[in-house]
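Participant: So that we are looking at the same thing, I have put the structure below in structure tokens.
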Amino acid sequence: MTKPVERWSKVSIGAISMGQEIGISPLQLIALISTIANDGLWVAPRIVAGTVEPQSTPQTIPFSLAKAAA
């Protein structure tokens, strides 16, 4: 994410072209690193509902929001 053009300084064009004056969220950074680790394949970030012991076939574990106790 870059600053709005109205807030650019005289050096912003040069700085942005070198990757400076650009901000990303921690989630975007994690997605970038995981894409590099997956040989360029982007996998959408997701919340893990749980883990299970490995089995011979893949399993899907649905995620559901637990309601807080009143």
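Letters A, B, ... go to the chains of the structure tokens in the order shown; residues in each chain start at 1; ligands are counted from 1 in the same order.
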Counting only C-alpha atoms, what is within 10 Å of stretch 45-49 of chain A, bar same-chain residues fewer than 2 positions away, as a PyMOL selection string?
Facilitator: chain A and resi 27-28+30-31+34+42-43+51+60-65
Participant: Using the chain letters and numbers from this document, which residues of chain A does DSSP assign to helix (DSSP H, G or I), as a PyMOL selection string?
Facilitator: chain A and resi 5-7+12-17+26-37
Participant: For A:Ile13, list every protein, DNA or RNA residue within 12 Å, evaluated using only C-alpha atoms, and leave out those in the same chain fewer than 6 positions away; present the list as a list in words.
Facilitator: Thr2, Lys3, Val5, Arg7, Gly19, Gln20, Glu21 and Ile22 of chain A
Participant: Only all heavy atoms, please: the residues just picked out, written as a PDB file, in the first residue's frame.
Facilitator:
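New file out.pdb:
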```
ATOM      1  N   THR A   2       0.603   2.167  -0.845  1.00  0.00           N
ATOM      2  CA  THR A   2       1.389   3.396  -0.902  1.00  0.00           C
ATOM      3  C   THR A   2       0.564   4.553  -0.368  1.00  0.00           C
ATOM      4  O   THR A   2      -0.646   4.460  -0.199  1.00  0.00           O
ATOM      5  CB  THR A   2       1.818   3.716  -2.348  1.00  0.00           C
ATOM      6  OG1 THR A   2       0.650   3.881  -3.150  1.00  0.00           O
ATOM      7  CG2 THR A   2       2.693   2.632  -2.928  1.00  0.00           C
ATOM      8  N   LYS A   3       1.250   5.639  -0.102  1.00  0.00           N
ATOM      9  CA  LYS A   3       0.570   6.853   0.350  1.00  0.00           C
ATOM     10  C   LYS A   3      -0.260   7.413  -0.798  1.00  0.00           C
ATOM     11  O   LYS A   3       0.067   7.190  -1.969  1.00  0.00           O
ATOM     12  CB  LYS A   3       1.598   7.921   0.750  1.00  0.00           C
ATOM     13  CG  LYS A   3       2.484   7.554   1.891  1.00  0.00           C
ATOM     14  CD  LYS A   3       3.318   8.746   2.336  1.00  0.00           C
ATOM     15  CE  LYS A   3       4.502   8.969   1.433  1.00  0.00           C
ATOM     16  NZ  LYS A   3       5.434   9.983   1.911  1.00  0.00           N
ATOM     17  N   VAL A   5      -1.309  10.003  -3.570  1.00  0.00           N
ATOM     18  CA  VAL A   5      -0.418  10.821  -4.415  1.00  0.00           C
ATOM     19  C   VAL A   5      -0.264  12.234  -3.849  1.00  0.00           C
ATOM     20  O   VAL A   5       0.815  12.823  -3.930  1.00  0.00           O
ATOM     21  CB  VAL A   5      -0.952  10.867  -5.863  1.00  0.00           C
ATOM     22  CG1 VAL A   5      -0.114  11.788  -6.730  1.00  0.00           C
ATOM     23  CG2 VAL A   5      -0.991   9.471  -6.454  1.00  0.00           C
ATOM     24  N   ARG A   7       0.192  13.125  -0.938  1.00  0.00           N
ATOM     25  CA  ARG A   7       1.171  13.148   0.157  1.00  0.00           C
ATOM     26  C   ARG A   7       2.578  12.752  -0.290  1.00  0.00           C
ATOM     27  O   ARG A   7       3.471  12.631   0.534  1.00  0.00           O
ATOM     28  CB  ARG A   7       0.689  12.219   1.269  1.00  0.00           C
ATOM     29  CG  ARG A   7      -0.575  12.731   1.936  1.00  0.00           C
ATOM     30  CD  ARG A   7      -1.020  11.916   3.124  1.00  0.00           C
ATOM     31  NE  ARG A   7       0.077  11.611   4.017  1.00  0.00           N
ATOM     32  CZ  ARG A   7       0.176  10.452   4.696  1.00  0.00           C
ATOM     33  NH1 ARG A   7      -0.746   9.531   4.576  1.00  0.00           N
ATOM     34  NH2 ARG A   7       1.191  10.234   5.496  1.00  0.00           N
ATOM     35  N   GLY A  19      11.060   0.048  -3.571  1.00  0.00           N
ATOM     36  CA  GLY A  19      10.361  -0.708  -2.545  1.00  0.00           C
ATOM     37  C   GLY A  19      10.229   0.000  -1.220  1.00  0.00           C
ATOM     38  O   GLY A  19       9.762  -0.588  -0.254  1.00  0.00           O
ATOM     39  N   GLN A  20      10.632   1.238  -1.161  1.00  0.00           N
ATOM     40  CA  GLN A  20      10.473   2.013   0.071  1.00  0.00           C
ATOM     41  C   GLN A  20       9.156   2.781  -0.004  1.00  0.00           C
ATOM     42  O   GLN A  20       8.550   2.891  -1.062  1.00  0.00           O
ATOM     43  CB  GLN A  20      11.646   2.967   0.257  1.00  0.00           C
ATOM     44  CG  GLN A  20      12.964   2.238   0.394  1.00  0.00           C
ATOM     45  CD  GLN A  20      14.154   3.185   0.419  1.00  0.00           C
ATOM     46  OE1 GLN A  20      14.014   4.366   0.172  1.00  0.00           O
ATOM     47  NE2 GLN A  20      15.317   2.649   0.715  1.00  0.00           N
ATOM     48  N   GLU A  21       8.709   3.313   1.121  1.00  0.00           N
ATOM     49  CA  GLU A  21       7.443   4.036   1.218  1.00  0.00           C
ATOM     50  C   GLU A  21       6.255   3.155   0.848  1.00  0.00           C
ATOM     51  O   GLU A  21       5.218   3.627   0.419  1.00  0.00           O
ATOM     52  CB  GLU A  21       7.442   5.310   0.360  1.00  0.00           C
ATOM     53  CG  GLU A  21       8.408   6.363   0.846  1.00  0.00           C
ATOM     54  CD  GLU A  21       8.180   7.717   0.208  1.00  0.00           C
ATOM     55  OE1 GLU A  21       7.048   8.013  -0.208  1.00  0.00           O
ATOM     56  OE2 GLU A  21       9.146   8.489   0.127  1.00  0.00           O
ATOM     57  N   ILE A  22       6.408   1.852   1.003  1.00  0.00           N
ATOM     58  CA  ILE A  22       5.326   0.907   0.735  1.00  0.00           C
ATOM     59  C   ILE A  22       5.087   0.136   2.020  1.00  0.00           C
ATOM     60  O   ILE A  22       6.033  -0.327   2.650  1.00  0.00           O
ATOM     61  CB  ILE A  22       5.693  -0.058  -0.414  1.00  0.00           C
ATOM     62  CG1 ILE A  22       5.864   0.720  -1.715  1.00  0.00           C
ATOM     63  CG2 ILE A  22       4.646  -1.149  -0.561  1.00  0.00           C
ATOM     64  CD1 ILE A  22       6.304  -0.108  -2.883  1.00  0.00           C
TER      65      ILE A  22
END
```
Participant: Could you tell me how far atom CA of A:Glu53 sits from atom CA of A:Ile36, in Å to one decimal place?
Facilitator: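 These two atoms are separated by 26.8 Å.
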Participant: Can you measure atom CA of A:Asp39 to atom CA of A:Gly14 for me? One decimal in Å is fine.
Facilitator: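 A separation of 29.9 Å between them.
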